[in-house]
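Working notes, structure below.
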Amino acid sequence: MLLADLPPGQLQLWIIVAYLAALILLGVASTTVFKGTAVDYFVASRGVGPVLLVLSVFGTTMTAFAIQGSSGEAWKSGVGVYGKMASWSGIVHAACFFLVGAKLWSLGKRYGYQTQIQFFRDRLESRNIGVLLFPILALLQMPYIILGILGAGTMIGVATRGAFPHLFPMLDAAGAPMLGHGAVPFWLATLVCTAVVWLYVWLGGARATAWANGLQTIIFLIVGVVTFYFVADRLGGFAQATKMVQEYNPSKLTRAVTAEHHQIYEQRLAEWTAYQSQGREGAVPPTRAAGGAGDALPPRNTEPSKVESQNVEPPEAQGAAQGGGSSGSGGGPKVQGSGEALQGGPEVRGPGVAGADRSSVGILKPHKPKEMTELEFLSYGFIPLSVAMFPHLFQLWLTARSAKSFRLTVTLHPLLIMLIWAPCIAIGIWATSAIAGGKPIVPFTPESPGANANQVLGLMVASLKNPYVSGLLAAGVLAAILGGMDAQFLSLGSMFTHDVVDHYVKHDAMTDRQRLLFGRLFVIAVVLVSWVLTLVLRETRPIFGLAIWCFSGFSALFPLVIGALYWRRMTKWGAYASVITGIGLGVCYYVKAGLEAGFSAPMEPLVPLPGLGQTWAVVPACPMVLAAAAALVLVSLLTRPPARSTVVRFFPAG
């Protein structure tokens with residue numbers, strides 16, 4: 001059988017399998033230079049050069065949040081996402097690598113540190129700082145891992161829809177195919193992905209992680225640009241794709257919302273509402289409002305079997321089941337709501353996008369304009385501070401061969417962020433108004449019941465109709481998603497081994513062989529727990545919002561690390577106060593938001609400043625960082641300064 005004769009989705013599956021096999025081969029290859037020591041397993045004997053360091057550091061920061069999350073958030077909020085995340089990240093990440101990463105690498109090499117907590121124990125003269133920090137770091141890391149697994153399962157489900165209709169059927173009560181019909185089920189897709197990542201981490205540790213991240217970074221950088229080109233081509237070109245946004249959702253192209261944006265929204269909404277009522281008695285077909293010269297659209301098919309059965313997949317809108325679908329009993333999201341979810345009616349005249357200017361009236365439901373205030377935009381500058389306390393980034397920093405290795409990372413990281421974020425955000429913006437074959441590619445809006453922004457990128461990729469390109473793009477997106485999971489698994493294994501078992505159980509007397517064994521065993525536990533939690537939390541709503549809450553927690557620890565590195569007067573009590581204040585405030589914000597919106601619902605990652613209204617809303621990281629910094633300074637000044645020997649050890653010049 002020729003590859004072209006394979007059922008839909010099977011070719012994409014084999015491309016993904018080939019990519020996962022390449023990761024396993026990298027893990028096997030890394031064993032040929034593995035020295036069999038704990039230092040080699042956890043930090044690659046501190047021998048990673050500058051090129052591999054920049055690729056591995058960038059690869060581990062570009063996860064589902066940056067790839068799927070950015071597209072989904074741009075689809076919801078518009079172009080401002082690039083400014084509030086990509087621009088801030090490019091600047092702040094580079095500054096953190098220079099001010100924090102290089103400094104921690106130097107201290108780690110000098111004193112043999114392999115975890116953050118080891119450094120803080122010595123710097124703060126506190127043997128028990130790990131009791132506070134370890135559970136916080138682990139709990140903040142787990143959602144980050146779960147987001148990656150969620151993204152992987154979703155992408156594989158999108159790419160393999162229709163591959164095995166008899167093996168993995170997805171049918172409604174009437175026996176009609178649903179979204180996700182025939183796709184590799186979510187549980188199996190996520191199990192295979194996590195197993196592959198675990199395998200090469202088990203085999204080669206930090207070196208295999210660096211190699212895999214290097215490969216994955218190259219893949220998704222190339223694929224990101226290719227995706228951008230092919231999606232634009234599918235939509236009729238860059239100009240046509242943007243023109244559709246200007247006509248239907250112009251607010252997505254600006255940060256602020258104007259009166260004209262609201263006027264266009266009301267006009268398009270009226271056209272859409274009229275289109276939905278076509279075929280009903282007394283309904284008036286819509287015409288082109290801008291001049292009124294457009295042709296009346298053909299009547300909408302109101303045959304019950306084609307309209308009211310909302311489980312049937314739109315032929316042209318290549319939907320993505322949440323989590324990639326599952327077998328019949330497992331369920332998957334149905335396309336809900338007669339008008340809300342399925343925006344388009346029958347295929348209309350005109351060759352796809354080329355005729356959209358005349359025949360798309362009423363097919364697309366416009367998005368309600370959403371403004372981003374200047375204060376909200378500025379507050380997002382606090383989110384990238386989180387990289388200074390990511391355990392997995394600390395782990396990668398320690399693998400550097402020398403301090404000079406950081407130069408390339410600081411220089412190239414902002415450019416690489418631009419190359420990845422810009423195409424993903426552009427695709428998300430285009431998705432708000434994209435039509436293919438006379439139907440919306442994304443068959444729901446942010447206001448639709450059960451709308452899932454995580455699906456947007458998968459829908460756009462699946463609309464390409466070329467199985468070779470779709471398979472390669474799916475593998476590339478998967479590379480970006482899996483790129484951060486390996487370092488996260490390894491860092492949690494390292495922290496448990498060094499900061500829990502060795503320090504508290506073995507009293508810092510473990511042998512090298514024992515450290516290696518416990519590290520590998522705990523990685524297995526982390527992988528299994530992460531996978532099970534992902535199955536439980538698979539209905540997680542937008543990746544972007546949940547990630548912002550997670551990153552805010554890491555950002556709240558930024559005053560701790562910057563104070564420990566640059567302020568001699570900082571005390572252990574100041575550190576405890578800073579952590580408790582910053583994280584405690586974040587927990588209060590999260591619980592309050594959860595009680596108001598429901599913990600299973602999407603929680604907007606914005607909080608009002610104390611005493612001010614929602615017009616002064618900011619991301620939680622802003623007040624959390626400020627409160628943590630204030631507590632650090634105040635309590636440190638009120639308590640006894642650190643011993644002179646500690647100051648001399650960490651600040652030799654003083």
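Order determines the names: the first chain of the structure tokens is A, the second B, and so forth; residues in each chain are numbered 1 upward, and ligands are numbered 1 upward as they are shown.
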
Spatial neighbours of Ala617 in chain A, 7 Å, only C-alpha atoms, chain gap at least 3 places, as a PyMOL selection string: chain A and resi 376+606-609+614

Next, write the just-selected residues to a file, as a compact mmCIF listing (two decimals), in the first residue's frame, keeping N, CA and C atoms as the atom set.
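Wrote part15.txt, looks like this:
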# COMPACT_ATOMS: atom_id res chain seq x y z
N GLU A 376 -2.62 46.28 32.72
CA GLU A 376 -2.54 44.83 32.52
C GLU A 376 -1.32 44.49 31.67
N LEU A 606 -6.28 37.51 36.30
CA LEU A 606 -6.17 38.93 36.62
C LEU A 606 -6.78 39.17 37.99
N VAL A 607 -6.16 40.03 38.78
CA VAL A 607 -6.67 40.37 40.11
C VAL A 607 -6.66 41.89 40.25
N PRO A 608 -7.65 42.47 40.95
CA PRO A 608 -7.64 43.92 41.14
C PRO A 608 -6.63 44.31 42.22
N LEU A 609 -5.98 45.43 42.04
CA LEU A 609 -5.09 45.93 43.08
C LEU A 609 -5.92 46.31 44.30
N GLN A 614 -11.84 46.71 38.90
CA GLN A 614 -11.33 45.83 37.87
C GLN A 614 -10.57 46.57 36.78

Show which residues sit within 10 Å of Ser106 in chain A, as an mmCIF file with C-alpha atoms, in the first residue's frame. Count only C-alpha atoms, and ignore same-chain residues fewer than 6 positions away.
data_model
loop_
_atom_site.group_PDB
_atom_site.id
_atom_site.type_symbol
_atom_site.label_atom_id
_atom_site.label_comp_id
_atom_site.auth_asym_id
_atom_site.auth_seq_id
_atom_site.Cartn_x
_atom_site.Cartn_y
_atom_site.Cartn_z
ATOM 1 C CA GLY A 112 29.193 21.434 44.043
ATOM 2 C CA TYR A 113 25.520 22.415 44.135
ATOM 3 C CA TRP A 397 22.370 26.138 33.837
ATOM 4 C CA LEU A 398 24.547 23.818 35.895
ATOM 5 C CA ALA A 400 27.245 24.640 31.179
ATOM 6 C CA SER A 402 31.912 27.660 31.418
ATOM 7 C CA ALA A 403 30.457 31.087 32.180
#

Between CA of Leu492 in chain A and CA of Phe134 in chain A, what distance in Å does the model show, to one decimal? 9.3 Å

Length of the CA of Leu537 in chain A to CA of Thr154 in chain A vector [Å]: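 One can read the CA of Leu537 in chain A to CA of Thr154 in chain A distance as 13.0 Å.
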
Using only C-alpha atoms, which of A:Ser386, A:Ser277, A:Thr411, A:Thr258 sits nearest Ser89 in chain A?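 That would be A:Ser386, the residue with the smallest distance to Ser89 in chain A.
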
From the options A:Phe34, A:Trp616, A:Tyr380, A:Trp573, which residue's atoms come nearest to Gly80 in chain A, counting only C-alpha atoms? A:Tyr380

Check the smallest atom-to-atom distance from each of A:Gly437, A:Gly450, A:Gly586, A:Gly476 to Leu626 in chain A using only C-alpha atoms, then report the winner.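 Using only C-alpha atoms, the shortest distance to Leu626 in chain A belongs to A:Gly586.
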
Got a sec: who's within 7 Å of range 219-231 of chain A, counting only C-alpha atoms, leaving out chain neighbours fewer than 2 positions off, as a JSON list (two decimals) with N, CA, C and O atoms, in the first residue's frame?
[["chain", "number", "residue", "atom", "x", "y", "z"],
["A", 215, "LEU", "N", 17.67, 18.95, 19.57],
["A", 215, "LEU", "CA", 16.99, 18.45, 18.37],
["A", 215, "LEU", "C", 15.59, 19.04, 18.25],
["A", 215, "LEU", "O", 15.17, 19.51, 17.19],
["A", 216, "GLN", "N", 14.86, 19.05, 19.37],
["A", 216, "GLN", "CA", 13.48, 19.53, 19.34],
["A", 216, "GLN", "C", 13.41, 21.02, 19.03],
["A", 216, "GLN", "O", 12.50, 21.48, 18.33],
["A", 217, "THR", "N", 14.37, 21.78, 19.52],
["A", 217, "THR", "CA", 14.38, 23.21, 19.23],
["A", 217, "THR", "C", 14.57, 23.46, 17.75],
["A", 217, "THR", "O", 13.88, 24.29, 17.14],
["A", 233, "ASP", "N", -0.99, 30.33, 3.31],
["A", 233, "ASP", "CA", -1.33, 29.93, 1.95],
["A", 233, "ASP", "C", -2.73, 29.33, 1.89],
["A", 233, "ASP", "O", -3.49, 29.59, 0.96],
["A", 234, "ARG", "N", -3.07, 28.53, 2.90],
["A", 234, "ARG", "CA", -4.40, 27.92, 2.96],
["A", 234, "ARG", "C", -5.49, 28.98, 3.05],
["A", 234, "ARG", "O", -6.60, 28.81, 2.52],
["A", 235, "LEU", "N", -5.18, 30.10, 3.69],
["A", 235, "LEU", "CA", -6.16, 31.16, 3.88],
["A", 235, "LEU", "C", -6.15, 32.18, 2.75],
["A", 235, "LEU", "O", -6.81, 33.21, 2.84],
["A", 420, "ILE", "N", 9.47, 32.09, 17.24],
["A", 420, "ILE", "CA", 8.44, 31.12, 17.60],
["A", 420, "ILE", "C", 7.11, 31.80, 17.92],
["A", 420, "ILE", "O", 6.05, 31.41, 17.43],
["A", 423, "PRO", "N", 4.86, 33.67, 14.68],
["A", 423, "PRO", "CA", 3.98, 32.84, 13.84],
["A", 423, "PRO", "C", 2.80, 32.26, 14.60],
["A", 423, "PRO", "O", 1.68, 32.23, 14.08],
["A", 427, "ILE", "N", -1.12, 33.06, 13.70],
["A", 427, "ILE", "CA", -2.06, 31.99, 13.37],
["A", 427, "ILE", "C", -3.30, 32.09, 14.26],
["A", 427, "ILE", "O", -4.43, 31.91, 13.81],
["A", 460, "MET", "N", -6.20, 24.75, 13.06],
["A", 460, "MET", "CA", -5.58, 25.44, 11.92],
["A", 460, "MET", "C", -4.62, 24.52, 11.18],
["A", 460, "MET", "O", -4.58, 24.52, 9.94],
["A", 464, "LEU", "N", -5.10, 22.09, 6.79],
["A", 464, "LEU", "CA", -4.22, 22.16, 5.62],
["A", 464, "LEU", "C", -4.53, 21.10, 4.58],
["A", 464, "LEU", "O", -4.18, 21.24, 3.41],
["A", 473, "LEU", "N", 4.05, 19.00, 10.70],
["A", 473, "LEU", "CA", 3.73, 20.11, 11.59],
["A", 473, "LEU", "C", 3.31, 19.60, 12.96],
["A", 473, "LEU", "O", 3.67, 20.18, 13.99],
["A", 476, "GLY", "N", 6.34, 18.68, 14.77],
["A", 476, "GLY", "CA", 7.06, 19.87, 15.21],
["A", 476, "GLY", "C", 6.45, 20.51, 16.43],
["A", 476, "GLY", "O", 7.15, 20.90, 17.38],
["A", 477, "VAL", "N", 5.12, 20.61, 16.43],
["A", 477, "VAL", "CA", 4.44, 21.16, 17.61],
["A", 477, "VAL", "C", 4.65, 20.25, 18.81],
["A", 477, "VAL", "O", 4.85, 20.69, 19.94],
["A", 479, "ALA", "N", 7.22, 18.41, 19.32],
["A", 479, "ALA", "CA", 8.60, 18.63, 19.78],
["A", 479, "ALA", "C", 8.67, 19.80, 20.74],
["A", 479, "ALA", "O", 9.37, 19.75, 21.77],
["A", 480, "ALA", "N", 7.96, 20.87, 20.42],
["A", 480, "ALA", "CA", 7.96, 22.03, 21.31],
["A", 480, "ALA", "C", 7.31, 21.70, 22.64],
["A", 480, "ALA", "O", 7.77, 22.14, 23.71]]

Nearest to Ile218 in chain A by atom-to-atom distance, counting only C-alpha atoms, from A:Trp75, A:Phe58, A:Trp14, A:Trp202: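 When distances to Ile218 in chain A are compared using only C-alpha atoms, the smallest one comes from A:Phe58.
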
Using DSSP on the backbone coordinates, identify all residues within range 378-417 of chain A classified as helix (DSSP H, G or I); present the result as a VMD selection string. chain A and resid 378 to 389 391 to 397 405 to 417

Quick one: distance from CA of Val456 in chain A to CA of Ala593 in chain A in Å, one decimal?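 About the pair CA of Val456 in chain A and CA of Ala593 in chain A: they are 25.2 Å apart.
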
With distances taken over only C-alpha atoms, which residue among A:Val469, A:Cys588, A:Ile562, A:Val618 lies nearest Lys84 in chain A?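 Under the stated criterion, the closest residue is A:Val618.
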
If we count only C-alpha atoms and set the cut-off at 12 Å, which residues sit around Gln116 in chain A, ignoring sequence neighbours fewer than 3 positions away in its own chain? Please answer as a PyMOL selection string. chain A and resi 100-101+104-105+107-108+112-113+119-123+129-130+133-134+137+388-398+491-492+494-496+498-499+557+560-561+564

Output file for the selection above: N, CA, C and O atoms, as a short mmCIF file (atom, residue, chain, number, x, y, z; two decimals), in the first residue's frame:
data_model
loop_
_atom_site.label_atom_id
_atom_site.label_comp_id
_atom_site.auth_asym_id
_atom_site.auth_seq_id
_atom_site.Cartn_x
_atom_site.Cartn_y
_atom_site.Cartn_z
N VAL A 100 21.17 35.98 36.96
CA VAL A 100 20.92 34.87 37.88
C VAL A 100 21.60 33.58 37.41
O VAL A 100 22.32 32.93 38.18
N GLY A 101 21.38 33.21 36.14
CA GLY A 101 21.90 31.93 35.66
C GLY A 101 23.40 31.81 35.74
O GLY A 101 23.93 30.83 36.28
N LEU A 104 24.57 31.67 39.46
CA LEU A 104 24.30 30.38 40.10
C LEU A 104 25.19 29.29 39.53
O LEU A 104 25.61 28.38 40.27
N TRP A 105 25.48 29.35 38.24
CA TRP A 105 26.40 28.36 37.66
C TRP A 105 27.76 28.46 38.34
O TRP A 105 28.37 27.43 38.69
N LEU A 107 28.55 29.61 41.36
CA LEU A 107 28.49 29.11 42.73
C LEU A 107 28.29 27.59 42.75
O LEU A 107 28.85 26.89 43.60
N GLY A 108 27.50 27.08 41.80
CA GLY A 108 27.28 25.64 41.74
C GLY A 108 28.54 24.88 41.44
O GLY A 108 28.81 23.82 42.03
N GLY A 112 29.77 22.74 44.37
CA GLY A 112 29.19 21.43 44.04
C GLY A 112 27.69 21.34 44.14
O GLY A 112 27.14 20.24 44.29
N TYR A 113 26.98 22.45 44.03
CA TYR A 113 25.52 22.42 44.13
C TYR A 113 24.91 21.74 42.91
O TYR A 113 25.36 21.92 41.78
N PHE A 119 21.90 25.44 47.46
CA PHE A 119 22.45 26.79 47.51
C PHE A 119 21.79 27.61 48.61
O PHE A 119 22.48 28.28 49.41
N PHE A 120 20.47 27.57 48.70
CA PHE A 120 19.78 28.38 49.71
C PHE A 120 20.10 27.91 51.13
O PHE A 120 20.15 28.73 52.05
N ARG A 121 20.30 26.62 51.34
CA ARG A 121 20.66 26.14 52.68
C ARG A 121 21.95 26.79 53.16
O ARG A 121 22.05 27.24 54.31
N ASP A 122 22.96 26.84 52.30
CA ASP A 122 24.23 27.44 52.67
C ASP A 122 24.14 28.95 52.77
O ASP A 122 24.64 29.56 53.73
N ARG A 123 23.52 29.57 51.79
CA ARG A 123 23.47 31.04 51.75
C ARG A 123 22.66 31.59 52.92
O ARG A 123 23.00 32.66 53.48
N ILE A 129 15.42 25.09 55.19
CA ILE A 129 14.73 25.89 54.19
C ILE A 129 14.05 25.00 53.14
O ILE A 129 13.03 25.36 52.55
N GLY A 130 14.61 23.79 52.96
CA GLY A 130 14.02 22.87 52.00
C GLY A 130 12.64 22.39 52.40
O GLY A 130 11.83 22.02 51.54
N LEU A 133 10.65 25.11 50.81
CA LEU A 133 10.81 25.31 49.37
C LEU A 133 10.47 24.08 48.54
O LEU A 133 9.89 24.20 47.46
N PHE A 134 10.84 22.87 49.02
CA PHE A 134 10.64 21.69 48.18
C PHE A 134 9.17 21.48 47.81
O PHE A 134 8.85 21.30 46.62
N LEU A 137 8.12 24.25 45.26
CA LEU A 137 8.68 24.07 43.92
C LEU A 137 8.06 22.87 43.21
O LEU A 137 7.77 22.92 42.01
N ALA A 388 13.81 32.73 36.66
CA ALA A 388 14.91 32.77 37.62
C ALA A 388 14.81 31.69 38.67
O ALA A 388 15.81 31.35 39.31
N MET A 389 13.58 31.12 38.86
CA MET A 389 13.40 30.10 39.89
C MET A 389 12.87 28.78 39.34
O MET A 389 12.47 27.92 40.11
N PHE A 390 12.84 28.61 38.03
CA PHE A 390 12.45 27.30 37.48
C PHE A 390 13.50 26.26 37.88
O PHE A 390 14.67 26.40 37.52
N PRO A 391 13.11 25.19 38.57
CA PRO A 391 14.09 24.15 38.91
C PRO A 391 14.74 23.51 37.69
O PRO A 391 15.93 23.20 37.71
N HIS A 392 13.96 23.33 36.61
CA HIS A 392 14.53 22.68 35.43
C HIS A 392 15.52 23.57 34.70
O HIS A 392 16.47 23.08 34.10
N LEU A 393 15.33 24.89 34.76
CA LEU A 393 16.32 25.78 34.16
C LEU A 393 17.59 25.83 35.00
O LEU A 393 18.70 25.88 34.47
N PHE A 394 17.44 25.82 36.33
CA PHE A 394 18.61 25.75 37.19
C PHE A 394 19.44 24.51 36.86
O PHE A 394 20.68 24.57 36.79
N GLN A 395 18.75 23.41 36.64
CA GLN A 395 19.42 22.16 36.29
C GLN A 395 20.21 22.32 34.99
O GLN A 395 21.35 21.87 34.89
N LEU A 396 19.61 22.96 34.00
CA LEU A 396 20.29 23.15 32.72
C LEU A 396 21.44 24.14 32.84
O LEU A 396 22.48 23.98 32.19
N TRP A 397 21.27 25.18 33.64
CA TRP A 397 22.37 26.14 33.84
C TRP A 397 23.61 25.44 34.37
O TRP A 397 24.73 25.74 33.97
N LEU A 398 23.40 24.50 35.28
CA LEU A 398 24.55 23.82 35.89
C LEU A 398 25.30 22.93 34.92
O LEU A 398 26.42 22.51 35.20
N SER A 491 14.66 17.47 37.00
CA SER A 491 14.88 18.38 38.13
C SER A 491 14.13 17.93 39.37
O SER A 491 14.66 18.04 40.49
N LEU A 492 12.92 17.41 39.21
CA LEU A 492 12.19 16.91 40.37
C LEU A 492 12.88 15.68 40.97
O LEU A 492 12.95 15.52 42.19
N SER A 494 16.08 15.12 40.85
CA SER A 494 17.28 15.62 41.51
C SER A 494 16.95 16.23 42.86
O SER A 494 17.65 15.99 43.86
N MET A 495 15.89 17.04 42.94
CA MET A 495 15.52 17.67 44.21
C MET A 495 15.13 16.63 45.25
O MET A 495 15.52 16.72 46.42
N PHE A 496 14.34 15.64 44.84
CA PHE A 496 13.94 14.61 45.80
C PHE A 496 15.15 13.84 46.31
O PHE A 496 15.27 13.56 47.51
N HIS A 498 18.50 14.76 46.37
CA HIS A 498 19.47 15.53 47.15
C HIS A 498 18.86 16.25 48.35
O HIS A 498 19.50 16.33 49.40
N ASP A 499 17.64 16.76 48.20
CA ASP A 499 17.09 17.63 49.23
C ASP A 499 16.16 16.93 50.20
O ASP A 499 15.85 17.49 51.26
N LEU A 557 8.94 34.02 43.88
CA LEU A 557 10.21 33.59 44.49
C LEU A 557 11.39 34.36 43.93
O LEU A 557 12.52 34.15 44.37
N LEU A 560 13.54 36.26 46.41
CA LEU A 560 14.37 35.35 47.20
C LEU A 560 15.71 35.11 46.54
O LEU A 560 16.77 35.25 47.16
N VAL A 561 15.70 34.75 45.25
CA VAL A 561 16.95 34.41 44.59
C VAL A 561 17.79 35.64 44.29
O VAL A 561 19.02 35.62 44.43
N ALA A 564 19.36 36.73 47.59
CA ALA A 564 20.42 35.81 48.02
C ALA A 564 21.70 36.02 47.24
O ALA A 564 22.80 35.85 47.77
#

Report as a short mmCIF file (atom, residue, chain, number, x, y, z; two decimals) with N, CA, C and O atoms, in the first residue's frame all protein, DNA and RNA residues lying within 7 Å of Gly214 in chain A, evaluated on only C-alpha atoms, omitting residues in the same chain fewer than 6 positions from it.
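Heads up, here's the output in selection_31.cif:
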data_model
loop_
_atom_site.label_atom_id
_atom_site.label_comp_id
_atom_site.auth_asym_id
_atom_site.auth_seq_id
_atom_site.Cartn_x
_atom_site.Cartn_y
_atom_site.Cartn_z
N LEU A 52 24.76 24.07 22.34
CA LEU A 52 23.79 23.14 22.90
C LEU A 52 23.07 23.76 24.10
O LEU A 52 21.89 23.50 24.33
N LEU A 55 20.27 26.04 22.79
CA LEU A 55 19.18 25.25 22.22
C LEU A 55 18.38 24.54 23.32
O LEU A 55 17.14 24.48 23.27
N SER A 56 19.07 23.99 24.31
CA SER A 56 18.38 23.25 25.37
C SER A 56 17.62 24.19 26.29
O SER A 56 16.49 23.89 26.70
N GLY A 59 14.64 25.42 24.27
CA GLY A 59 13.70 24.33 24.06
C GLY A 59 12.89 24.01 25.29
O GLY A 59 11.69 23.71 25.20
#

Contacts of Thr571 in chain A at 10 Å or less, counting only C-alpha atoms, minus same-chain residues fewer than 6 places along, as a compact mmCIF listing (two decimals) with N, CA, C and O atoms, in the first residue's frame?
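Here's the written file selection-v6.txt:
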# COMPACT_ATOMS: atom_id res chain seq x y z
N ARG A 123 23.52 29.57 51.79
CA ARG A 123 23.47 31.04 51.75
C ARG A 123 22.66 31.59 52.92
O ARG A 123 23.00 32.66 53.48
N LEU A 124 21.58 30.92 53.31
CA LEU A 124 20.69 31.43 54.36
C LEU A 124 21.01 30.86 55.73
O LEU A 124 20.32 31.19 56.70
N GLU A 125 22.02 30.00 55.81
CA GLU A 125 22.39 29.37 57.10
C GLU A 125 21.18 28.67 57.71
O GLU A 125 20.90 28.78 58.90
N SER A 126 20.46 27.95 56.88
CA SER A 126 19.25 27.27 57.33
C SER A 126 19.19 25.87 56.74
O SER A 126 19.00 25.70 55.54
N GLY A 563 17.81 38.45 46.00
CA GLY A 563 18.35 38.91 47.27
C GLY A 563 19.50 38.04 47.75
O GLY A 563 20.51 38.55 48.26
N ALA A 564 19.36 36.73 47.59
CA ALA A 564 20.42 35.81 48.02
C ALA A 564 21.70 36.02 47.24
O ALA A 564 22.80 35.85 47.77
N ALA A 577 9.99 34.93 55.35
CA ALA A 577 8.88 35.89 55.25
C ALA A 577 8.52 36.17 53.80
O ALA A 577 7.34 36.28 53.44
N LEU A 632 10.73 40.63 52.37
CA LEU A 632 12.15 40.27 52.42
C LEU A 632 12.98 41.40 53.01
O LEU A 632 13.79 41.20 53.93
N VAL A 633 12.79 42.60 52.51
CA VAL A 633 13.58 43.75 52.96
C VAL A 633 13.26 44.10 54.40
O VAL A 633 14.17 44.28 55.24
N VAL A 635 11.80 42.35 56.96
CA VAL A 635 12.17 41.37 57.98
C VAL A 635 13.68 41.20 58.05
O VAL A 635 14.24 41.03 59.15
N SER A 636 14.37 41.28 56.94
CA SER A 636 15.84 41.17 56.97
C SER A 636 16.46 42.32 57.76
O SER A 636 17.43 42.12 58.52
N LEU A 637 15.91 43.51 57.61
CA LEU A 637 16.45 44.66 58.35
C LEU A 637 16.14 44.58 59.84
O LEU A 637 16.86 45.17 60.67
N LEU A 638 15.09 43.85 60.19
CA LEU A 638 14.70 43.74 61.60
C LEU A 638 15.33 42.55 62.31
O LEU A 638 15.16 42.41 63.53
N THR A 639 16.01 41.69 61.58
CA THR A 639 16.61 40.50 62.19
C THR A 639 18.12 40.54 62.06
O THR A 639 18.69 41.34 61.31
N ARG A 640 18.77 39.63 62.81
CA ARG A 640 20.23 39.61 62.86
C ARG A 640 20.83 39.26 61.51
O ARG A 640 20.38 38.32 60.86
N PRO A 641 21.84 40.00 61.06
CA PRO A 641 22.45 39.74 59.75
C PRO A 641 23.17 38.40 59.73
O PRO A 641 23.49 37.83 60.79
N PRO A 642 23.45 37.85 58.55
CA PRO A 642 24.15 36.57 58.45
C PRO A 642 25.57 36.66 58.99
O PRO A 642 26.13 37.76 59.11
N ALA A 643 26.15 35.51 59.33
CA ALA A 643 27.51 35.47 59.88
C ALA A 643 28.51 36.01 58.87
O ALA A 643 28.31 35.92 57.65

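For the choices A:Lys439, A:Val131, A:Leu99, A:Gly553, the atom-to-atom distance to Val410 in chain A is smallest for A:Leu99 when using only C-alpha atoms.
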